[in-house]
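Next comes work.csv, a file with CSV, N, CA and C atoms.
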chain,number,residue,atom,x,y,z
A,1,GLN,N,7.1,-17.5,-3.4
A,1,GLN,CA,7.0,-16.0,-3.3
A,1,GLN,C,5.7,-15.5,-3.9
A,2,VAL,N,5.1,-14.6,-3.2
A,2,VAL,CA,3.8,-14.2,-3.6
A,2,VAL,C,3.9,-13.2,-4.8
A,3,HIS,N,3.0,-13.3,-5.7
A,3,HIS,CA,3.0,-12.5,-6.9
A,3,HIS,C,1.9,-11.4,-6.7
A,4,LEU,N,2.2,-10.2,-7.0
A,4,LEU,CA,1.3,-9.1,-6.7
A,4,LEU,C,1.0,-8.3,-8.0
A,5,VAL,N,-0.3,-8.0,-8.2
A,5,VAL,CA,-0.7,-7.2,-9.4
A,5,VAL,C,-1.5,-6.0,-8.9
A,6,ASP,N,-0.9,-4.9,-9.0
A,6,ASP,CA,-1.7,-3.7,-8.5
A,6,ASP,C,-2.2,-2.9,-9.7
A,7,SER,N,-3.3,-2.2,-9.4
A,7,SER,CA,-4.0,-1.4,-10.5
A,7,SER,C,-4.8,-0.3,-9.9
A,8,GLY,N,-5.6,0.3,-10.7
A,8,GLY,CA,-6.5,1.3,-10.2
A,8,GLY,C,-6.1,2.7,-10.2
A,9,GLY,N,-4.8,3.0,-10.7
A,9,GLY,CA,-4.3,4.3,-10.7
A,9,GLY,C,-5.1,5.2,-11.7
A,10,ALA,N,-5.1,6.5,-11.4
A,10,ALA,CA,-5.8,7.4,-12.3
A,10,ALA,C,-5.3,8.8,-12.1
A,11,ARG,N,-5.7,9.7,-13.0
A,11,ARG,CA,-5.4,11.1,-13.0
A,11,ARG,C,-6.7,11.8,-12.4
A,12,VAL,N,-6.6,12.4,-11.3
A,12,VAL,CA,-7.8,12.9,-10.7
A,12,VAL,C,-7.6,14.3,-10.2
A,13,GLN,N,-8.6,15.1,-10.0
A,13,GLN,CA,-8.5,16.4,-9.3
A,13,GLN,C,-8.6,16.1,-7.8
A,14,ALA,N,-8.2,17.0,-7.0
A,14,ALA,CA,-8.2,16.8,-5.5
A,14,ALA,C,-9.6,16.2,-5.1
A,15,GLY,N,-9.5,15.1,-4.4
A,15,GLY,CA,-10.8,14.4,-4.0
A,15,GLY,C,-10.4,13.0,-3.6
A,16,GLY,N,-11.1,12.0,-4.2
A,16,GLY,CA,-10.8,10.6,-3.7
A,16,GLY,C,-10.8,9.6,-4.8
A,17,LEU,N,-10.3,8.5,-4.5
A,17,LEU,CA,-10.3,7.3,-5.4
A,17,LEU,C,-11.0,6.2,-4.7
A,18,PRO,N,-11.8,5.4,-5.4
A,18,PRO,CA,-12.5,4.3,-4.7
A,18,PRO,C,-11.6,3.3,-4.1
A,19,GLY,N,-10.4,3.1,-4.6
A,19,GLY,CA,-9.5,2.2,-4.0
A,19,GLY,C,-8.5,1.6,-5.1
A,20,LEU,N,-7.3,1.4,-4.6
A,20,LEU,CA,-6.3,0.7,-5.5
A,20,LEU,C,-6.4,-0.7,-5.1
A,21,PRO,N,-6.7,-1.6,-6.0
A,21,PRO,CA,-6.7,-3.0,-5.6
A,21,PRO,C,-5.3,-3.7,-5.9
A,22,CYS,N,-5.0,-4.7,-5.1
A,22,CYS,CA,-3.8,-5.4,-5.3
A,22,CYS,C,-4.2,-6.9,-5.2
A,23,LEU,N,-4.0,-7.6,-6.3
A,23,LEU,CA,-4.4,-9.0,-6.3
A,23,LEU,C,-3.1,-9.8,-6.0
A,24,ALA,N,-3.2,-10.7,-5.0
A,24,ALA,CA,-2.1,-11.5,-4.6
A,24,ALA,C,-2.3,-13.0,-5.0
A,25,SER,N,-1.3,-13.6,-5.6
A,25,SER,CA,-1.4,-15.0,-5.9
A,25,SER,C,-0.1,-15.7,-5.4
A,26,GLY,N,-0.3,-17.0,-5.2
A,26,GLY,CA,0.8,-17.7,-4.5
A,26,GLY,C,0.5,-17.8,-3.0
A,27,TYR,N,1.2,-18.6,-2.3
A,27,TYR,CA,0.9,-18.9,-0.9
A,27,TYR,C,1.4,-17.7,-0.1
A,28,THR,N,0.4,-17.2,0.7
A,28,THR,CA,0.7,-16.1,1.6
A,28,THR,C,0.2,-16.5,3.0
A,29,PRO,N,1.1,-16.8,3.9
A,29,PRO,CA,0.6,-17.3,5.2
A,29,PRO,C,-0.2,-16.1,5.9
A,30,ASN,N,-1.2,-16.5,6.7
A,30,ASN,CA,-1.9,-15.5,7.5
A,30,ASN,C,-0.9,-14.8,8.4
A,31,GLY,N,-1.2,-13.5,8.5
A,31,GLY,CA,-0.3,-12.7,9.3
A,31,GLY,C,0.8,-12.0,8.6
A,32,SER,N,0.9,-12.3,7.3
A,32,SER,CA,2.0,-11.7,6.5
A,32,SER,C,1.7,-10.2,6.3
A,33,CYS,N,2.8,-9.4,6.4
A,33,CYS,CA,2.7,-8.0,6.3
A,33,CYS,C,2.5,-7.6,4.8
A,34,MET,N,1.5,-6.9,4.5
A,34,MET,CA,1.2,-6.5,3.1
A,34,MET,C,0.7,-5.0,3.1
A,35,GLY,N,1.0,-4.3,2.0
A,35,GLY,CA,0.5,-2.9,2.0
A,35,GLY,C,1.0,-2.2,0.8
A,36,TRP,N,1.2,-0.9,1.0
A,36,TRP,CA,1.4,0.0,-0.2
A,36,TRP,C,2.6,0.9,0.2
A,37,PHE,N,3.5,1.0,-0.8
A,37,PHE,CA,4.5,2.1,-0.8
A,37,PHE,C,4.2,3.0,-1.9
A,38,ARG,N,4.8,4.2,-1.9
A,38,ARG,CA,4.6,5.1,-3.0
A,38,ARG,C,5.9,5.8,-3.3
A,39,HIS,N,6.1,6.3,-4.5
A,39,HIS,CA,7.3,6.9,-5.0
A,39,HIS,C,6.9,8.2,-5.7
A,40,PRO,N,6.9,9.3,-4.9
A,40,PRO,CA,6.6,10.6,-5.6
A,40,PRO,C,7.7,11.1,-6.5
A,41,PRO,N,7.4,11.9,-7.5
A,41,PRO,CA,8.4,12.4,-8.3
A,41,PRO,C,9.5,13.2,-7.6
A,42,VAL,N,10.7,13.0,-7.9
A,42,VAL,CA,11.9,13.7,-7.3
A,42,VAL,C,12.0,13.6,-5.7
A,43,LYS,N,11.3,12.5,-5.2
A,43,LYS,CA,11.4,12.2,-3.8
A,43,LYS,C,11.8,10.8,-3.6
A,44,ASP,N,12.1,10.4,-2.3
A,44,ASP,CA,12.4,9.0,-2.0
A,44,ASP,C,11.1,8.2,-1.9
A,45,ARG,N,11.3,6.9,-2.1
A,45,ARG,CA,10.1,6.0,-2.0
A,45,ARG,C,9.8,6.0,-0.5
A,46,GLU,N,8.5,5.9,-0.2
A,46,GLU,CA,8.0,5.9,1.2
A,46,GLU,C,6.9,4.9,1.4
A,47,GLY,N,6.8,4.4,2.7
A,47,GLY,CA,5.7,3.5,3.0
A,47,GLY,C,4.5,4.4,3.2
A,48,ALA,N,3.3,3.9,2.7
A,48,ALA,CA,2.1,4.6,2.9
A,48,ALA,C,1.2,3.9,4.0
A,49,ALA,N,1.0,2.6,3.8
A,49,ALA,CA,0.1,1.9,4.7
A,49,ALA,C,0.4,0.4,4.6
A,50,VAL,N,0.4,-0.3,5.7
A,50,VAL,CA,0.5,-1.8,5.7
A,50,VAL,C,-0.4,-2.4,6.7
A,51,THR,N,-0.7,-3.7,6.5
A,51,THR,CA,-1.5,-4.4,7.5
A,51,THR,C,-1.1,-5.9,7.4
A,52,GLU,N,-1.7,-6.7,8.2
A,52,GLU,CA,-1.4,-8.1,8.2
A,52,GLU,C,-2.5,-8.9,7.6
A,53,SER,N,-2.2,-9.8,6.7
A,53,SER,CA,-3.2,-10.4,5.9
A,53,SER,C,-3.9,-11.6,6.6
A,54,GLY,N,-5.2,-11.7,6.3
A,54,GLY,CA,-5.9,-12.9,6.7
A,54,GLY,C,-6.2,-13.1,8.1
A,55,THR,N,-6.1,-12.2,8.9
A,55,THR,CA,-6.3,-12.3,10.4
A,55,THR,C,-7.3,-11.2,10.8
A,56,SER,N,-8.1,-11.6,11.8
A,56,SER,CA,-9.1,-10.6,12.3
A,56,SER,C,-8.5,-9.6,13.3
A,57,ILE,N,-7.5,-10.1,13.9
A,57,ILE,CA,-6.7,-9.2,14.8
A,57,ILE,C,-5.4,-8.9,14.1
A,58,ARG,N,-5.1,-7.7,13.7
A,58,ARG,CA,-3.9,-7.4,12.9
A,58,ARG,C,-3.4,-6.0,13.2
A,59,SER,N,-2.1,-5.9,13.0
A,59,SER,CA,-1.5,-4.6,13.2
A,59,SER,C,-1.6,-3.8,11.8
A,60,THR,N,-1.9,-2.6,11.9
A,60,THR,CA,-2.0,-1.7,10.7
A,60,THR,C,-1.2,-0.4,11.0
A,61,TYR,N,-0.5,0.0,10.0
A,61,TYR,CA,0.3,1.2,10.2
A,61,TYR,C,0.1,2.1,9.0
A,62,TYR,N,0.1,3.4,9.3
A,62,TYR,CA,0.0,4.4,8.2
A,62,TYR,C,1.0,5.5,8.4
A,63,ALA,N,1.5,6.0,7.3
A,63,ALA,CA,2.4,7.2,7.3
A,63,ALA,C,1.6,8.3,7.8
A,64,ASP,N,2.3,9.2,8.6
A,64,ASP,CA,1.6,10.4,9.1
A,64,ASP,C,1.0,11.2,8.0
A,65,SER,N,1.6,11.2,6.8
A,65,SER,CA,1.1,12.1,5.7
A,65,SER,C,-0.2,11.6,5.1
A,66,VAL,N,-0.6,10.3,5.4
A,66,VAL,CA,-1.9,9.8,4.9
A,66,VAL,C,-2.9,9.4,6.0
A,67,LYS,N,-2.4,9.4,7.2
A,67,LYS,CA,-3.3,9.0,8.3
A,67,LYS,C,-4.6,9.8,8.3
A,68,GLY,N,-5.7,9.2,8.5
A,68,GLY,CA,-7.0,9.9,8.5
A,68,GLY,C,-7.6,10.1,7.1
A,69,ARG,N,-6.8,9.9,6.0
A,69,ARG,CA,-7.3,10.0,4.7
A,69,ARG,C,-7.3,8.7,3.9
A,70,PHE,N,-6.3,7.9,4.1
A,70,PHE,CA,-6.2,6.6,3.4
A,70,PHE,C,-6.6,5.5,4.4
A,71,THR,N,-7.2,4.4,3.8
A,71,THR,CA,-7.6,3.3,4.6
A,71,THR,C,-7.2,2.0,3.8
A,72,ILE,N,-6.6,1.1,4.5
A,72,ILE,CA,-6.2,-0.1,3.9
A,72,ILE,C,-7.1,-1.2,4.4
A,73,SER,N,-7.6,-2.1,3.4
A,73,SER,CA,-8.5,-3.1,3.8
A,73,SER,C,-8.2,-4.3,2.9
A,74,GLN,N,-8.9,-5.4,3.2
A,74,GLN,CA,-8.6,-6.7,2.5
A,74,GLN,C,-9.9,-7.5,2.3
A,75,ASP,N,-9.9,-8.2,1.2
A,75,ASP,CA,-11.0,-9.2,0.9
A,75,ASP,C,-10.3,-10.5,0.8
A,76,ASN,N,-10.3,-11.3,1.9
A,76,ASN,CA,-9.6,-12.5,1.9
A,76,ASN,C,-10.1,-13.5,0.9
A,77,ALA,N,-11.4,-13.5,0.6
A,77,ALA,CA,-12.0,-14.4,-0.3
A,77,ALA,C,-11.5,-14.2,-1.8
A,78,LYS,N,-11.1,-12.9,-2.0
A,78,LYS,CA,-10.6,-12.6,-3.4
A,78,LYS,C,-9.1,-12.4,-3.4
A,79,ASN,N,-8.5,-12.7,-2.2
A,79,ASN,CA,-7.0,-12.5,-2.2
A,79,ASN,C,-6.6,-11.1,-2.6
A,80,THR,N,-7.4,-10.1,-2.2
A,80,THR,CA,-7.2,-8.7,-2.7
A,80,THR,C,-7.0,-7.8,-1.6
A,81,LEU,N,-6.0,-6.9,-1.7
A,81,LEU,CA,-5.8,-5.8,-0.7
A,81,LEU,C,-6.2,-4.5,-1.4
A,82,TYR,N,-6.8,-3.6,-0.6
A,82,TYR,CA,-7.3,-2.3,-1.2
A,82,TYR,C,-6.7,-1.2,-0.4
A,83,LEU,N,-6.4,-0.1,-1.2
A,83,LEU,CA,-6.0,1.2,-0.5
A,83,LEU,C,-7.1,2.2,-1.0
A,84,GLN,N,-7.9,2.6,0.0
A,84,GLN,CA,-8.9,3.7,-0.3
A,84,GLN,C,-8.3,5.0,0.0
A,85,MET,N,-8.4,5.9,-0.9
A,85,MET,CA,-7.7,7.2,-0.8
A,85,MET,C,-8.8,8.3,-0.8
A,86,ASN,N,-8.9,9.1,0.2
A,86,ASN,CA,-9.8,10.2,0.3
A,86,ASN,C,-9.1,11.5,0.5
A,87,SER,N,-9.7,12.6,0.2
A,87,SER,CA,-9.1,13.9,0.4
A,87,SER,C,-7.8,14.0,-0.2
A,88,LEU,N,-7.7,13.5,-1.5
A,88,LEU,CA,-6.4,13.5,-2.2
A,88,LEU,C,-5.8,14.9,-2.4
A,89,LYS,N,-4.5,15.1,-2.3
A,89,LYS,CA,-3.8,16.3,-2.5
A,89,LYS,C,-2.8,16.1,-3.6
A,90,PRO,N,-2.4,17.2,-4.2
A,90,PRO,CA,-1.4,17.1,-5.3
A,90,PRO,C,-0.1,16.4,-4.8
A,91,GLU,N,0.2,16.6,-3.5
A,91,GLU,CA,1.4,15.9,-3.0
A,91,GLU,C,1.3,14.4,-2.8
A,92,ASP,N,0.1,13.9,-3.1
A,92,ASP,CA,-0.1,12.4,-3.1
A,92,ASP,C,0.2,11.8,-4.5
A,93,THR,N,0.5,12.7,-5.4
A,93,THR,CA,0.9,12.2,-6.7
A,93,THR,C,2.2,11.3,-6.6
A,94,ALA,N,2.1,10.1,-7.1
A,94,ALA,CA,3.2,9.2,-7.0
A,94,ALA,C,2.8,7.9,-7.8
A,95,MET,N,3.9,7.1,-7.9
A,95,MET,CA,3.7,5.7,-8.4
A,95,MET,C,3.4,4.9,-7.1
A,96,TYR,N,2.3,4.1,-7.1
A,96,TYR,CA,2.0,3.4,-5.9
A,96,TYR,C,2.3,1.9,-6.2
A,97,TYR,N,2.9,1.3,-5.2
A,97,TYR,CA,3.3,-0.1,-5.3
A,97,TYR,C,2.7,-1.0,-4.2
A,98,CYS,N,2.2,-2.1,-4.5
A,98,CYS,CA,1.7,-3.1,-3.6
A,98,CYS,C,2.9,-3.9,-3.1
A,99,VAL,N,3.1,-4.2,-1.8
A,99,VAL,CA,4.2,-4.9,-1.3
A,99,VAL,C,3.8,-6.0,-0.4
A,100,ALA,N,4.7,-7.0,-0.2
A,100,ALA,CA,4.4,-8.1,0.7
A,100,ALA,C,5.6,-8.6,1.3
A,101,ARG,N,5.5,-9.0,2.6
A,101,ARG,CA,6.6,-9.8,3.3
A,101,ARG,C,6.0,-11.1,3.7
A,102,SER,N,6.1,-12.1,2.9
A,102,SER,CA,5.4,-13.4,3.1
A,102,SER,C,6.0,-14.0,4.4
A,103,GLY,N,5.1,-14.4,5.3
A,103,GLY,CA,5.5,-15.1,6.5
A,103,GLY,C,6.0,-14.2,7.6
A,104,SER,N,6.0,-12.9,7.4
A,104,SER,CA,6.5,-12.0,8.5
A,104,SER,C,5.4,-11.0,8.8
A,105,SER,N,5.2,-10.8,10.1
A,105,SER,CA,4.2,-9.8,10.5
A,105,SER,C,4.8,-8.4,10.4
A,106,CYS,N,3.9,-7.4,10.5
A,106,CYS,CA,4.3,-6.0,10.4
A,106,CYS,C,4.9,-5.6,11.7
A,107,SER,N,6.0,-4.8,11.6
A,107,SER,CA,6.7,-4.3,12.8
A,107,SER,C,6.5,-2.8,12.9
A,108,SER,N,6.2,-2.3,14.1
A,108,SER,CA,6.0,-0.9,14.3
A,108,SER,C,7.3,-0.1,14.0
A,109,VAL,N,8.5,-0.8,14.1
A,109,VAL,CA,9.8,-0.2,13.9
A,109,VAL,C,10.2,-0.2,12.5
A,110,SER,N,9.9,-1.3,11.8
A,110,SER,CA,10.5,-1.4,10.4
A,110,SER,C,9.5,-1.5,9.3
A,111,TRP,N,8.3,-1.3,9.6
A,111,TRP,CA,7.3,-1.5,8.5
A,111,TRP,C,7.5,-0.6,7.3
A,112,SER,N,8.1,0.6,7.5
A,112,SER,CA,8.3,1.6,6.4
A,112,SER,C,9.6,1.4,5.7
A,113,ARG,N,10.3,0.4,6.0
A,113,ARG,CA,11.6,0.2,5.3
A,113,ARG,C,11.4,-0.7,4.1
A,114,SER,N,11.6,-0.2,2.9
A,114,SER,CA,11.3,-0.9,1.7
A,114,SER,C,12.1,-2.1,1.5
A,115,GLU,N,13.3,-2.2,2.0
A,115,GLU,CA,14.1,-3.4,1.8
A,115,GLU,C,13.6,-4.6,2.6
A,116,ARG,N,12.6,-4.4,3.5
A,116,ARG,CA,12.1,-5.5,4.2
A,116,ARG,C,11.0,-6.3,3.4
A,117,TYR,N,10.6,-5.8,2.2
A,117,TYR,CA,9.6,-6.4,1.4
A,117,TYR,C,10.2,-7.1,0.2
A,118,SER,N,9.9,-8.4,0.1
A,118,SER,CA,10.5,-9.2,-1.0
A,118,SER,C,9.6,-9.2,-2.2
A,119,SER,N,8.3,-8.9,-2.1
A,119,SER,CA,7.4,-9.0,-3.3
A,119,SER,C,6.9,-7.6,-3.5
A,120,TRP,N,6.9,-7.2,-4.8
A,120,TRP,CA,6.5,-5.9,-5.2
A,120,TRP,C,5.6,-6.0,-6.5
A,121,GLY,N,4.5,-5.2,-6.5
A,121,GLY,CA,3.7,-5.1,-7.7
A,121,GLY,C,4.4,-4.2,-8.7
A,122,GLN,N,3.9,-4.1,-9.9
A,122,GLN,CA,4.5,-3.4,-11.0
A,122,GLN,C,4.3,-1.9,-10.9
A,123,GLY,N,3.4,-1.5,-10.0
A,123,GLY,CA,3.2,-0.1,-9.8
A,123,GLY,C,2.0,0.5,-10.6
A,124,THR,N,1.3,1.4,-10.0
A,124,THR,CA,0.2,2.1,-10.7
A,124,THR,C,0.3,3.6,-10.3
A,125,GLN,N,0.1,4.4,-11.3
A,125,GLN,CA,0.3,5.8,-11.2
A,125,GLN,C,-0.9,6.5,-10.7
A,126,VAL,N,-0.8,7.4,-9.7
A,126,VAL,CA,-1.9,8.2,-9.2
A,126,VAL,C,-1.4,9.7,-9.4
A,127,THR,N,-2.1,10.5,-10.1
A,127,THR,CA,-1.8,11.9,-10.3
A,127,THR,C,-2.9,12.7,-9.9
A,128,VAL,N,-2.6,13.6,-9.0
A,128,VAL,CA,-3.6,14.5,-8.4
A,128,VAL,C,-3.4,16.0,-8.8
A,129,SER,N,-4.3,16.6,-9.4
A,129,SER,CA,-4.2,18.0,-9.7
A,129,SER,C,-5.1,18.8,-8.8
A,130,SER,N,-4.6,20.1,-8.6
A,130,SER,CA,-5.4,20.9,-7.7
A,130,SER,C,-6.5,21.6,-8.5

Would you put the structure from the file into structure tokens?
Amino acid sequence: QVHLVDSGGARVQAGGLPGLPCLASGYTPNGSCMGWFRHPPVKDREGAAVTESGTSIRSTYYADSVKGRFTISQDNAKNTLYLQMNSLKPEDTAMYYCVARSGSSCSSVSWSRSERYSSWGQGTQVTVSS
């Protein structure tokens, strides 16, 4: 099972963050679905963005609420996934979790279902003030 360590959370005013890094260790087959979920205060946990690891042709999905503002990317040499966050809003305030489904690709139908992900990081807090 892949082990994930996420970090980079901060308290910011509306704007951007350079990126939340997620370091993955353990064997992760190419094409595994990896990404970020978030849990806002007093709301349900939700998928933010996912992509498939280690492949040049990969499926990537974003929640409508972050599309056009967040970008997910990866550095295969460093086994690190990144979530770049631009135009942050107070409603983006949440605990952000790196997730992975080792050996399974991302599905357009189920990518946002948290129960499909077996590996979770410990979470990193992002707080956005207006």

Legend entry - Separation of atom CA of Gln13 of chain A from atom C of Met85 of chain A in Å: 11.7 Å

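Taking only N, CA and C atoms into account, Val99 of chain A lies nearest to A:Gly121 out of the set A:Ser53, A:Gly121, A:Tyr27, A:Glu46.
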
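Between atom CA of Ser7 of chain A and atom CA of Ser73 of chain A the interatomic distance comes to 15.1 Å.
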
Inset, instruction - Write out as a ChimeraX atom specification all residues of chain A that backbone DSSP assigns to strand (DSSP E). - result: /A:3-6,11-13,17-25,33-39,46-52,60-62,70-75,80-85,94-101,119-120,124-129

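Between atom N of Asn76 of chain A and atom N of Val50 of chain A lies a distance of 15.8 Å.
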
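Using all atoms listed in the file, the smallest distance between any of A:Tyr97, A:Pro21, A:Gly68, A:Glu91 and Gly35 of chain A comes from A:Tyr97.
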
Inset, instruction - Kindly provide, as number ranges by chain, the polymer residues lying within 7 Å of (-2.1, -4.0, -12.5), counting only C-alpha atoms and using the coordinates exactly as they appear in the file. - result: A: 5-7, 122, 124

Legend entry - Residue contacts of segment 107-116 of chain A (8 Å, only C-alpha atoms) excluding same-chain residues fewer than 4 positions away, as a list in words: Phe37, Arg45, Glu46, Gly47, Ala48, Val50, Tyr61 and Arg101 of chain A

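Within 9 Å of the point (-13.1, 1.4, -3.7), and counting only C-alpha atoms, the protein, DNA and RNA residues are Leu17, Pro18, Gly19, Leu20, Pro21, Tyr82, Leu83, Gln84 and Met85 of chain A.
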
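Residues lying within 6.5 Å of Ser87 of chain A, counting all atoms listed in the file and ignoring same-chain neighbours fewer than 2 positions away, are Ala14, Gly15, Gly16, Leu17, Arg69, Met85 and Lys89 of chain A.
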
Tell me which protein, DNA and RNA residues are within 6.5 Å of Ala100 of chain A, counting all atoms listed in the file, leaving out same-chain ones fewer than 2 positions away, and put them as a tab-separated table (two decimals) with N, CA and C atoms, in the coordinates of the input.
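Once written, part_23.tsv looks like this:
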chain	number	residue	atom	x	y	z
A	33	CYS	N	2.80	-9.40	6.40
A	33	CYS	CA	2.70	-8.00	6.30
A	33	CYS	C	2.50	-7.60	4.80
A	34	MET	N	1.50	-6.90	4.50
A	34	MET	CA	1.20	-6.50	3.10
A	34	MET	C	0.70	-5.00	3.10
A	35	GLY	N	1.00	-4.30	2.00
A	35	GLY	CA	0.50	-2.90	2.00
A	35	GLY	C	1.00	-2.20	0.80
A	98	CYS	N	2.20	-2.10	-4.50
A	98	CYS	CA	1.70	-3.10	-3.60
A	98	CYS	C	2.90	-3.90	-3.10
A	102	SER	N	6.10	-12.10	2.90
A	102	SER	CA	5.40	-13.40	3.10
A	102	SER	C	6.00	-14.00	4.40
A	116	ARG	N	12.60	-4.40	3.50
A	116	ARG	CA	12.10	-5.50	4.20
A	116	ARG	C	11.00	-6.30	3.40
A	117	TYR	N	10.60	-5.80	2.20
A	117	TYR	CA	9.60	-6.40	1.40
A	117	TYR	C	10.20	-7.10	0.20
A	118	SER	N	9.90	-8.40	0.10
A	118	SER	CA	10.50	-9.20	-1.00
A	118	SER	C	9.60	-9.20	-2.20
A	119	SER	N	8.30	-8.90	-2.10
A	119	SER	CA	7.40	-9.00	-3.30
A	119	SER	C	6.90	-7.60	-3.50
A	120	TRP	N	6.90	-7.20	-4.80
A	120	TRP	CA	6.50	-5.90	-5.20
A	120	TRP	C	5.60	-6.00	-6.50

Inset, instruction - Find, counting only C-alpha atoms, the residue in A:Pro41, A:Gly8, A:Pro90, A:Gly103 that gets nearest to Cys22 of chain A. - result: A:Gly8

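Between Pro40 of chain A and the candidates A:Thr28, A:Ser105, A:Thr93, A:Thr127, the tightest atom-to-atom separation, counting only C-alpha atoms, involves A:Thr93.
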
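DSSP secondary structure from the backbone places A:Asn76, A:Ala77, A:Lys78, A:Pro90, A:Glu91, A:Asp92, A:Ser114, A:Glu115, A:Arg116 of chain A in helix (DSSP H, G or I).
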
5 Å per side around segment 34-50 of chain A: axis-aligned box centre and edge lengths, as JSON:
{"center_x": 6.0, "center_y": 3.4, "center_z": -0.8, "size_x": 22.8, "size_y": 30.6, "size_z": 25.0}

Inset, instruction - Fewer than 5 positions away in the same chain doesn't count, so skip those; otherwise give me all residues within 6.5 Å of Asn30 of chain A, counting only N, CA and C atoms, as a ChimeraX atom specification. - result: /A:52-55

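Closest approach to Ser32 of chain A from the set A:Asn79, A:Thr71, A:Ala94, A:Ser104 is made by A:Ser104, with distances taken over only N, CA and C atoms.
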
Supply segment 110-124 of chain A as a PDB file, keeping the file's coordinate frame, with N, CA, C and O atoms built in where the input has gaps.
ATOM      1  N   SER A 110       9.900  -1.300  11.800  1.00  0.00           N
ATOM      2  CA  SER A 110      10.500  -1.400  10.400  1.00  0.00           C
ATOM      3  C   SER A 110       9.500  -1.500   9.300  1.00  0.00           C
ATOM      4  O   SER A 110       9.910  -1.682   8.151  1.00  0.00           O
ATOM      5  N   TRP A 111       8.300  -1.300   9.600  1.00  0.00           N
ATOM      6  CA  TRP A 111       7.300  -1.500   8.500  1.00  0.00           C
ATOM      7  C   TRP A 111       7.500  -0.600   7.300  1.00  0.00           C
ATOM      8  O   TRP A 111       7.127  -0.891   6.197  1.00  0.00           O
ATOM      9  N   SER A 112       8.100   0.600   7.500  1.00  0.00           N
ATOM     10  CA  SER A 112       8.300   1.600   6.400  1.00  0.00           C
ATOM     11  C   SER A 112       9.600   1.400   5.700  1.00  0.00           C
ATOM     12  O   SER A 112       9.943   2.273   4.836  1.00  0.00           O
ATOM     13  N   ARG A 113      10.300   0.400   6.000  1.00  0.00           N
ATOM     14  CA  ARG A 113      11.600   0.200   5.300  1.00  0.00           C
ATOM     15  C   ARG A 113      11.400  -0.700   4.100  1.00  0.00           C
ATOM     16  O   ARG A 113      11.050  -1.885   4.195  1.00  0.00           O
ATOM     17  N   SER A 114      11.600  -0.200   2.900  1.00  0.00           N
ATOM     18  CA  SER A 114      11.300  -0.900   1.700  1.00  0.00           C
ATOM     19  C   SER A 114      12.100  -2.100   1.500  1.00  0.00           C
ATOM     20  O   SER A 114      11.585  -3.098   0.894  1.00  0.00           O
ATOM     21  N   GLU A 115      13.300  -2.200   2.000  1.00  0.00           N
ATOM     22  CA  GLU A 115      14.100  -3.400   1.800  1.00  0.00           C
ATOM     23  C   GLU A 115      13.600  -4.600   2.600  1.00  0.00           C
ATOM     24  O   GLU A 115      14.044  -5.714   2.316  1.00  0.00           O
ATOM     25  N   ARG A 116      12.600  -4.400   3.500  1.00  0.00           N
ATOM     26  CA  ARG A 116      12.100  -5.500   4.200  1.00  0.00           C
ATOM     27  C   ARG A 116      11.000  -6.300   3.400  1.00  0.00           C
ATOM     28  O   ARG A 116      10.586  -7.368   3.809  1.00  0.00           O
ATOM     29  N   TYR A 117      10.600  -5.800   2.200  1.00  0.00           N
ATOM     30  CA  TYR A 117       9.600  -6.400   1.400  1.00  0.00           C
ATOM     31  C   TYR A 117      10.200  -7.100   0.200  1.00  0.00           C
ATOM     32  O   TYR A 117      10.888  -6.495  -0.585  1.00  0.00           O
ATOM     33  N   SER A 118       9.900  -8.400   0.100  1.00  0.00           N
ATOM     34  CA  SER A 118      10.500  -9.200  -1.000  1.00  0.00           C
ATOM     35  C   SER A 118       9.600  -9.200  -2.200  1.00  0.00           C
ATOM     36  O   SER A 118      10.091  -9.560  -3.316  1.00  0.00           O
ATOM     37  N   SER A 119       8.300  -8.900  -2.100  1.00  0.00           N
ATOM     38  CA  SER A 119       7.400  -9.000  -3.300  1.00  0.00           C
ATOM     39  C   SER A 119       6.900  -7.600  -3.500  1.00  0.00           C
ATOM     40  O   SER A 119       6.409  -6.875  -2.611  1.00  0.00           O
ATOM     41  N   TRP A 120       6.900  -7.200  -4.800  1.00  0.00           N
ATOM     42  CA  TRP A 120       6.500  -5.900  -5.200  1.00  0.00           C
ATOM     43  C   TRP A 120       5.600  -6.000  -6.500  1.00  0.00           C
ATOM     44  O   TRP A 120       5.883  -6.798  -7.373  1.00  0.00           O
ATOM     45  N   GLY A 121       4.500  -5.200  -6.500  1.00  0.00           N
ATOM     46  CA  GLY A 121       3.700  -5.100  -7.700  1.00  0.00           C
ATOM     47  C   GLY A 121       4.400  -4.200  -8.700  1.00  0.00           C
ATOM     48  O   GLY A 121       5.506  -3.684  -8.462  1.00  0.00           O
ATOM     49  N   GLN A 122       3.900  -4.100  -9.900  1.00  0.00           N
ATOM     50  CA  GLN A 122       4.500  -3.400 -11.000  1.00  0.00           C
ATOM     51  C   GLN A 122       4.300  -1.900 -10.900  1.00  0.00           C
ATOM     52  O   GLN A 122       5.000  -1.117 -11.536  1.00  0.00           O
ATOM     53  N   GLY A 123       3.400  -1.500 -10.000  1.00  0.00           N
ATOM     54  CA  GLY A 123       3.200  -0.100  -9.800  1.00  0.00           C
ATOM     55  C   GLY A 123       2.000   0.500 -10.600  1.00  0.00           C
ATOM     56  O   GLY A 123       1.708   0.011 -11.682  1.00  0.00           O
ATOM     57  N   THR A 124       1.300   1.400 -10.000  1.00  0.00           N
ATOM     58  CA  THR A 124       0.200   2.100 -10.700  1.00  0.00           C
ATOM     59  C   THR A 124       0.300   3.600 -10.300  1.00  0.00           C
ATOM     60  O   THR A 124       0.472   3.945  -9.182  1.00  0.00           O
TER      61      THR A 124
END
